[in-house]
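**Student:** Take a look at start.txt, compact mmCIF, C-alpha atoms:
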```txt
# COMPACT_ATOMS: atom_id res chain seq x y z
CA MET F 235 0.00 0.00 0.00
CA LYS F 236 2.92 2.31 0.61
CA PRO F 237 3.66 3.03 -3.10
CA TYR F 238 0.01 3.99 -3.54
CA ALA F 239 0.15 6.21 -0.48
CA ASN F 240 3.23 7.93 -1.87
CA LEU F 241 1.52 8.38 -5.22
CA LEU F 242 -1.57 9.84 -3.53
CA THR F 243 0.60 12.23 -1.54
CA ALA F 244 2.39 13.36 -4.72
CA VAL F 245 -0.93 13.94 -6.49
CA VAL F 246 -2.31 15.96 -3.59
CA LEU F 247 0.84 18.08 -3.35
CA ALA F 248 0.80 18.69 -7.09
CA GLY F 249 -2.82 19.75 -6.86
CA VAL F 250 -2.10 22.14 -4.01
CA THR F 251 0.83 23.66 -5.93
CA THR F 252 -1.32 24.09 -9.02
CA CYS F 253 -4.03 25.78 -6.98
CA LEU F 254 -1.53 28.15 -5.41
CA VAL F 255 -0.18 29.18 -8.83
CA ALA F 256 -3.61 29.43 -10.41
CA GLY F 257 -4.92 31.27 -7.37
CA ASP F 258 -2.39 34.08 -7.52
CA LYS F 259 -4.36 37.28 -7.49
CA PRO F 260 -4.29 38.92 -10.93
CA ILE F 261 -3.09 42.46 -11.47
CA ARG F 262 -5.79 44.82 -12.61
CA TYR F 263 -4.83 47.92 -14.56
CA GLU F 264 -7.35 50.71 -15.04
CA THR F 265 -7.37 53.83 -17.20
CA ALA F 266 -4.91 56.47 -16.00
CA PRO F 267 -6.09 60.10 -15.67
CA SER F 268 -3.93 61.20 -18.61
CA GLY F 269 -2.17 59.77 -21.63
CA ASN F 270 -5.30 58.66 -23.50
CA GLU F 271 -6.39 59.59 -27.00
CA MET F 272 -8.61 58.24 -29.74
CA VAL F 273 -8.27 59.73 -33.23
CA ILE F 274 -10.46 58.90 -36.23
CA GLU F 275 -9.31 60.09 -39.65
CA GLY F 276 -11.17 60.06 -42.94
CA THR F 277 -11.76 61.94 -46.15
CA ALA F 278 -14.50 64.14 -47.56
CA THR F 279 -14.89 65.99 -50.83
CA GLY F 280 -11.64 67.83 -51.43
CA HIS F 281 -10.17 67.43 -47.93
CA GLY F 282 -9.48 65.18 -45.00
CA TRP F 283 -11.13 65.26 -41.60
CA THR F 284 -10.20 64.30 -38.05
CA VAL F 285 -12.22 63.44 -34.95
CA LYS F 286 -10.52 63.27 -31.57
CA GLY F 287 -11.38 62.26 -28.02
CA VAL F 288 -9.41 61.85 -24.80
CA ILE F 289 -11.79 59.66 -22.80
CA ILE F 290 -11.02 55.93 -22.93
CA ARG F 291 -12.46 53.84 -20.12
CA GLY F 292 -11.70 50.25 -19.30
CA PHE F 293 -9.42 47.74 -17.63
CA PHE F 294 -6.66 45.23 -18.39
CA GLU F 295 -6.36 42.27 -16.01
CA VAL F 296 -3.56 39.72 -16.15
CA ASP F 297 -1.61 37.33 -13.90
CA PRO F 298 1.26 38.75 -11.76
CA ALA F 299 3.92 37.34 -14.11
CA TRP F 300 3.13 40.22 -16.46
CA GLU F 301 4.72 42.59 -13.99
CA LYS F 302 7.45 40.30 -12.63
CA ASP F 303 8.68 38.71 -15.87
CA LEU F 304 9.51 41.57 -18.24
CA ALA F 305 10.28 39.14 -21.08
CA LEU F 306 6.79 37.62 -20.64
CA LYS F 307 8.22 34.11 -21.03
CA SER F 308 6.30 32.73 -18.05
CA VAL F 309 3.05 34.44 -19.01
CA ASN F 310 0.59 31.78 -20.17
CA CYS F 311 -2.19 33.95 -21.59
CA LEU F 312 -0.54 34.82 -24.91
CA GLY F 313 -0.95 32.90 -28.13
CA GLU F 314 -3.53 31.27 -30.32
CA GLY F 315 -6.04 29.23 -28.35
CA LYS F 316 -4.92 30.66 -25.00
CA THR F 317 -7.25 32.47 -22.63
CA PRO F 318 -6.13 36.10 -23.08
CA PRO F 319 -5.85 38.84 -20.46
CA LYS F 320 -9.23 40.23 -19.47
CA CYS F 321 -9.55 43.52 -21.30
CA GLU F 322 -12.59 45.67 -21.97
CA VAL F 323 -12.51 49.21 -23.33
CA ASN F 324 -15.22 51.72 -24.10
CA ILE F 325 -15.35 55.25 -25.50
CA PRO F 326 -18.35 57.58 -25.13
CA VAL F 327 -19.48 58.70 -28.57
CA SER F 328 -20.26 62.13 -27.12
CA SER F 329 -16.58 62.59 -26.20
CA LEU F 330 -15.47 62.47 -29.86
CA LYS F 331 -15.12 65.96 -31.33
CA SER F 332 -14.53 67.17 -34.87
CA GLN F 333 -11.25 69.04 -35.32
CA VAL F 334 -12.52 71.83 -37.55
CA ALA F 335 -12.64 75.59 -37.06
CA VAL F 336 -16.03 76.10 -38.73
CA GLY F 337 -19.14 73.93 -38.50
CA ARG F 338 -17.93 71.76 -35.63
CA SER F 339 -21.34 71.42 -33.97
CA ILE F 340 -22.94 70.50 -37.30
CA MET F 341 -20.39 67.75 -37.92
CA ASP F 342 -20.54 66.47 -34.34
CA ASN F 343 -24.33 66.27 -34.36
CA ARG F 344 -24.31 64.48 -37.70
CA MET F 345 -21.66 62.04 -36.48
CA ARG F 346 -23.70 61.17 -33.38
CA LYS F 347 -26.79 60.69 -35.52
CA GLU F 348 -25.03 58.32 -37.94
CA MET F 349 -23.47 56.40 -35.01
CA LYS F 350 -26.91 56.09 -33.36
CA ALA F 351 -25.48 57.61 -30.21
CA GLU F 352 -28.81 57.88 -28.40
CA GLU F 353 -29.34 54.13 -28.70
CA PHE F 354 -25.68 53.05 -28.57
CA PRO F 355 -23.80 55.76 -26.61
CA ARG F 356 -20.47 53.91 -26.50
CA VAL F 357 -17.93 52.27 -28.74
CA ASP F 358 -17.04 48.97 -27.03
CA TYR F 359 -14.10 46.60 -27.44
CA ARG F 360 -13.42 43.24 -25.79
CA LEU F 361 -10.14 41.34 -26.22
CA LYS F 362 -10.44 37.72 -27.39
CA GLU F 363 -6.85 36.76 -28.29
CA MET F 364 -3.41 38.29 -27.86
CA LYS F 365 -0.11 36.98 -29.20
CA LEU F 366 3.46 38.19 -29.47
CA VAL F 367 4.72 39.00 -32.95
CA GLU F 368 8.41 39.31 -32.07
CA ASP F 369 10.84 38.68 -29.21
CA VAL F 370 10.45 40.92 -26.18
CA PRO F 371 13.44 43.21 -25.42
CA ALA F 372 15.32 42.51 -22.19
CA SER F 373 14.02 45.80 -20.83
CA GLY F 374 10.45 44.60 -21.34
CA THR F 375 9.55 47.52 -23.57
CA PRO F 376 8.31 48.07 -26.19
CA VAL F 377 6.36 44.87 -26.84
CA LYS F 378 4.50 44.18 -30.08
CA PHE F 379 1.34 42.08 -30.17
CA GLU F 380 -1.37 41.06 -32.58
CA ALA F 381 -4.73 41.55 -30.88
CA LYS F 382 -8.03 39.98 -31.87
CA GLY F 383 -11.29 41.05 -30.36
CA GLU F 384 -14.86 42.25 -30.76
CA LEU F 385 -15.51 45.88 -31.71
CA ALA F 386 -19.05 47.24 -31.36
CA VAL F 387 -20.02 50.48 -33.10
CA ALA F 388 -23.55 51.79 -33.69
CA GLY F 389 -25.08 48.48 -32.66
CA LYS F 390 -22.93 46.35 -35.01
CA THR F 391 -20.27 44.03 -33.54
CA ASN F 392 -17.39 42.81 -35.71
CA THR F 393 -14.41 40.59 -34.98
CA VAL F 394 -11.30 42.65 -35.71
CA SER F 395 -7.53 42.13 -35.61
CA PHE F 396 -4.80 44.75 -35.44
CA PRO F 397 -1.23 45.29 -34.21
CA VAL F 398 -0.73 46.75 -30.73
CA THR F 399 2.40 48.13 -29.11
CA MET F 400 2.80 48.15 -25.32
CA GLU F 401 5.28 50.39 -23.52
CA ARG F 402 6.13 50.19 -19.84
CA LEU F 403 6.13 53.57 -18.12
CA GLU F 404 7.18 54.85 -14.71
CA GLY F 405 5.03 53.89 -11.78
CA GLY F 406 4.12 50.52 -13.26
CA LYS F 407 1.93 52.10 -15.93
CA LEU F 408 1.39 50.53 -19.35
CA CYS F 409 0.66 52.40 -22.56
CA PHE F 410 -1.04 50.55 -25.42
CA SER F 411 -1.13 52.12 -28.87
CA GLY F 412 -2.30 50.97 -32.26
CA THR F 413 -3.88 51.69 -35.62
CA TYR F 414 -6.82 50.04 -37.34
CA LYS F 415 -8.18 50.73 -40.83
CA THR F 416 -11.80 49.93 -41.58
CA LYS F 417 -14.89 51.21 -43.39
CA MET F 418 -17.99 52.94 -42.08
CA THR F 419 -20.17 50.50 -43.98
CA ASP F 420 -18.55 47.58 -42.12
CA PHE F 421 -20.52 48.82 -39.11
CA GLY F 422 -23.70 49.63 -40.98
CA ILE F 423 -22.95 53.36 -41.19
CA THR F 424 -23.69 55.11 -44.48
CA PRO F 425 -20.99 57.72 -45.27
CA PRO F 426 -22.89 60.98 -44.75
CA GLU F 427 -23.34 63.90 -47.08
CA PHE F 428 -23.83 67.33 -45.56
CA THR F 429 -23.64 71.06 -46.20
CA VAL F 430 -21.62 73.56 -44.17
CA LEU F 431 -21.99 77.27 -44.98
CA GLY F 432 -23.62 76.40 -48.29
CA VAL F 433 -20.81 74.06 -49.37
CA GLY F 434 -21.75 70.43 -49.97
CA SER F 435 -19.44 67.59 -48.98
CA LYS F 436 -19.54 63.80 -49.22
CA THR F 437 -17.68 61.64 -46.72
CA GLY F 438 -15.53 58.75 -47.89
CA ASP F 439 -16.14 55.21 -46.59
CA ASP F 440 -12.57 54.48 -45.46
CA ILE F 441 -11.53 55.52 -41.96
CA THR F 442 -8.46 55.02 -39.79
CA LEU F 443 -8.55 54.65 -36.01
CA LYS F 444 -5.44 55.59 -34.02
CA TRP F 445 -5.28 55.36 -30.26
CA LYS F 446 -3.13 55.59 -27.17
CA TRP F 447 -4.45 54.07 -23.93
CA THR F 448 -2.55 54.41 -20.66
CA VAL F 449 -3.41 52.22 -17.68
CA ALA F 450 -2.10 52.08 -14.11
CA PRO F 451 -2.22 49.30 -11.49
CA LYS F 452 -5.41 49.55 -9.48
CA LYS F 453 -4.77 50.72 -5.95
CA GLU F 454 -6.01 48.39 -3.25
CA ALA F 455 -8.61 49.91 -0.96
CA ALA F 456 -7.36 50.54 2.57
CA GLU F 457 -8.78 48.08 5.09
```
For the file at hand, write its structure as structure tokens.

**Tutor:**
Amino acid sequence: MKPYANLLTAVVLAGVTTCLVAGDKPIRYETAPSGNEMVIEGTATGHGWTVKGVIIRGFFEVDPAWEKDLALKSVNCLGEGKTPPKCEVNIPVSSLKSQVAVGRSIMDNRMRKEMKAEEFPRVDYRLKEMKLVEDVPASGTPVKFEAKGELAVAGKTNTVSFPVTMERLEGGKLCFSGTYKTKMTDFGITPPEFTVLGVGSKTGDDITLKWKWTVAPKKEAAE
């Protein structure tokens, strides 16, 4: 019976060790007060246009190895088929503002109408997969990923993929930045036509999203 007892002891110990590792409390990062920007660029008749906002809400939650292992070699949430870090981001449509000197309110109101802002007041993103695209520097920064997730705009949710760069900042902060090219019609939005000061303009379908999102470790509440 002794060999079986030894085997049972080994199994129990292995299970306890696994539970301790799996039970390590994850690190939760939340949006920092500054260092956030969403830019949308497109074209219209005879010119380009830009929309900008500085409110990006959300969180990024990952196991402690993310902070302790700068090379991310012991992090087990990266790669195809792996359960990724928990990450949800949202941007209030009302926070996005046209960067024009004349007719800003007209363009902003039209944008909110086309994005169905009253019914869907936020742009939402949820991460579904994250994988490294190159070796991580010894310093742990910058790190390049390919991110796959669900992007919801104006009531339409699409699966999207794009490159993301992460930089480690002072104070344990992380800054994620990236670019994504898409079309308005991919989200059921018809490129609008409008008139400003008697001049007609038609918006192109292609748009480019550029963002910078800075997060900081969540502070534990004092007991």

**Student:** So how far away is atom CA of Ala450 of chain F from atom CA of Glu275 of chain F, in Å?

**Tutor:**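 A separation of 27.7 Å between them.
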
**Student:** Name the closest residue to Val387 of chain F among the candidates F:Pro426, F:Gly374, F:Pro326, F:Gly313; distances are taken between atoms, counting all atoms listed in the file.

**Tutor:**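 Smallest separation from Val387 of chain F among the options: F:Pro326.
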
**Student:** So the first atom is atom CA of Glu322 of chain F and the second is atom CA of Met345 of chain F; what is the distance between them in Å, to one decimal place?

**Tutor:**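 Straight-line distance from atom CA of Glu322 of chain F to atom CA of Met345 of chain F works out to 23.7 Å.
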
**Student:** Counting all atoms listed in the file, which residues of segment 254-275 of chain F fall within 12 Å of segment 280-284 of chain F, and what is the closest atom pair for each with its distance in Å at one decimal, ordered by chain and rising number, as a Markdown table?

**Tutor:**
```
| residue | atom | partner | partner_atom | distance |
| --- | --- | --- | --- | --- |
| F:Met272 | CA | F:Thr284 | CA | 10.4 |
| F:Val273 | CA | F:Thr284 | CA | 6.9 |
| F:Ile274 | CA | F:Thr284 | CA | 5.7 |
| F:Glu275 | CA | F:Thr284 | CA | 4.6 |
```

**Student:** Keeping only C-alpha atoms, write the selected residues as a CSV table (one decimal), in the coordinates of the input.

**Tutor:**
```csv
chain,number,residue,atom,x,y,z
F,272,MET,CA,-8.6,58.2,-29.7
F,273,VAL,CA,-8.3,59.7,-33.2
F,274,ILE,CA,-10.5,58.9,-36.2
F,275,GLU,CA,-9.3,60.1,-39.6
```

**Student:** Give me the residues near Ala372 of chain F as a ChimeraX atom specification, where near means some atom within 12 Å (using all atoms listed in the file) and where sequence neighbours in that chain fewer than 4 positions away do not count.

**Tutor:** /F:303-307,376-377

**Student:** Once you have the residues from the selection above, write them out as a PDB file, keeping the file's coordinate frame, restricted to C-alpha atoms.

**Tutor:**
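Writing the result to result-v4.pdb gives the following:
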```pdb
ATOM      1  CA  ASP F 303       8.680  38.710 -15.870  1.00  0.00           C
ATOM      2  CA  LEU F 304       9.510  41.570 -18.240  1.00  0.00           C
ATOM      3  CA  ALA F 305      10.280  39.140 -21.080  1.00  0.00           C
ATOM      4  CA  LEU F 306       6.790  37.620 -20.640  1.00  0.00           C
ATOM      5  CA  LYS F 307       8.220  34.110 -21.030  1.00  0.00           C
ATOM      6  CA  PRO F 376       8.310  48.070 -26.190  1.00  0.00           C
ATOM      7  CA  VAL F 377       6.360  44.870 -26.840  1.00  0.00           C
TER       8      VAL F 377
END
```

**Student:** Work out how far atom CA of Gly287 of chain F is from atom CA of Tyr263 of chain F, in Å to one decimal.

**Tutor:**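 Computing it gives 20.7 Å between the two atoms.
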
**Student:** Of the candidates F:Val309, F:Leu443, F:Ala381, F:Val394, which shows the shortest atom-to-atom distance to Lys415 of chain F, using all atoms listed in the file?

**Tutor:**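 Closest residue, counting all atoms listed in the file: F:Leu443.
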
**Student:** Taking into account only C-alpha atoms, which residue in the set F:Met341, F:Ala299, F:Met418, F:Ile325 is nearest to Ser435 of chain F?

**Tutor:**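 Among the listed residues, the smallest separation from Ser435 of chain F belongs to F:Met341.
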
**Student:** Please determine the residues with any atom at most 6 Å from (-16.4, 42.8, -27.5) (coordinates as given in the file, with all atoms listed in the file counting) and report them as a PDB file with C-alpha atoms, in the frame of the given file.

**Tutor:**
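Written out: point09.pdb:
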```
ATOM      1  CA  TYR F 359     -14.100  46.600 -27.440  1.00  0.00           C
ATOM      2  CA  ARG F 360     -13.420  43.240 -25.790  1.00  0.00           C
ATOM      3  CA  GLU F 384     -14.860  42.250 -30.760  1.00  0.00           C
ATOM      4  CA  LEU F 385     -15.510  45.880 -31.710  1.00  0.00           C
TER       5      LEU F 385
END
```

**Student:** Please identify all polymer residues within 12 Å of Phe396 of chain F, counting all atoms listed in the file, omitting same-chain residues fewer than 3 positions from it, and present them as a PDB file with C-alpha atoms, in the coordinates of the input.

**Tutor:**
```pdb
ATOM      1  CA  LEU F 361     -10.140  41.340 -26.220  1.00  0.00           C
ATOM      2  CA  GLU F 363      -6.850  36.760 -28.290  1.00  0.00           C
ATOM      3  CA  MET F 364      -3.410  38.290 -27.860  1.00  0.00           C
ATOM      4  CA  LYS F 365      -0.110  36.980 -29.200  1.00  0.00           C
ATOM      5  CA  VAL F 367       4.720  39.000 -32.950  1.00  0.00           C
ATOM      6  CA  LYS F 378       4.500  44.180 -30.080  1.00  0.00           C
ATOM      7  CA  PHE F 379       1.340  42.080 -30.170  1.00  0.00           C
ATOM      8  CA  GLU F 380      -1.370  41.060 -32.580  1.00  0.00           C
ATOM      9  CA  ALA F 381      -4.730  41.550 -30.880  1.00  0.00           C
ATOM     10  CA  LYS F 382      -8.030  39.980 -31.870  1.00  0.00           C
ATOM     11  CA  GLY F 383     -11.290  41.050 -30.360  1.00  0.00           C
ATOM     12  CA  GLU F 384     -14.860  42.250 -30.760  1.00  0.00           C
ATOM     13  CA  LEU F 385     -15.510  45.880 -31.710  1.00  0.00           C
ATOM     14  CA  THR F 393     -14.410  40.590 -34.980  1.00  0.00           C
ATOM     15  CA  THR F 399       2.400  48.130 -29.110  1.00  0.00           C
ATOM     16  CA  SER F 411      -1.130  52.120 -28.870  1.00  0.00           C
ATOM     17  CA  GLY F 412      -2.300  50.970 -32.260  1.00  0.00           C
ATOM     18  CA  THR F 413      -3.880  51.690 -35.620  1.00  0.00           C
ATOM     19  CA  TYR F 414      -6.820  50.040 -37.340  1.00  0.00           C
ATOM     20  CA  LYS F 415      -8.180  50.730 -40.830  1.00  0.00           C
ATOM     21  CA  THR F 416     -11.800  49.930 -41.580  1.00  0.00           C
ATOM     22  CA  THR F 442      -8.460  55.020 -39.790  1.00  0.00           C
ATOM     23  CA  LEU F 443      -8.550  54.650 -36.010  1.00  0.00           C
ATOM     24  CA  LYS F 444      -5.440  55.590 -34.020  1.00  0.00           C
ATOM     25  CA  TRP F 445      -5.280  55.360 -30.260  1.00  0.00           C
TER      26      TRP F 445
END
```

**Student:** For a quick check of understanding, using only C-alpha atoms, which of F:Pro397, F:Gly389, F:Gly276, F:Gly406 has the smallest distance to Lys452 of chain F?

**Tutor:** F:Gly406

**Student:** So which residues touch Arg344 of chain F within 10 Å, counting all atoms listed in the file, skipping near sequence neighbours fewer than 6 positions away, as a list in words?

**Tutor:**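 Result of the neighbour search: Arg338, Lys350, Pro426, Glu427 and Phe428 of chain F.
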
**Student:** Pick out the closest residue to Thr265 of chain F from this set: F:Ala386, F:Ile289, F:Val449, F:Ile441. Count only C-alpha atoms.

**Tutor:**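 Closest candidate: F:Val449.
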
**Student:** Between F:Ile423, F:Asp439, F:Val296, F:Gly405, which residue has the minimum interatomic distance to Lys453 of chain F, considering only C-alpha atoms?

**Tutor:**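 So, comparing all the options, the nearest one is F:Gly405.
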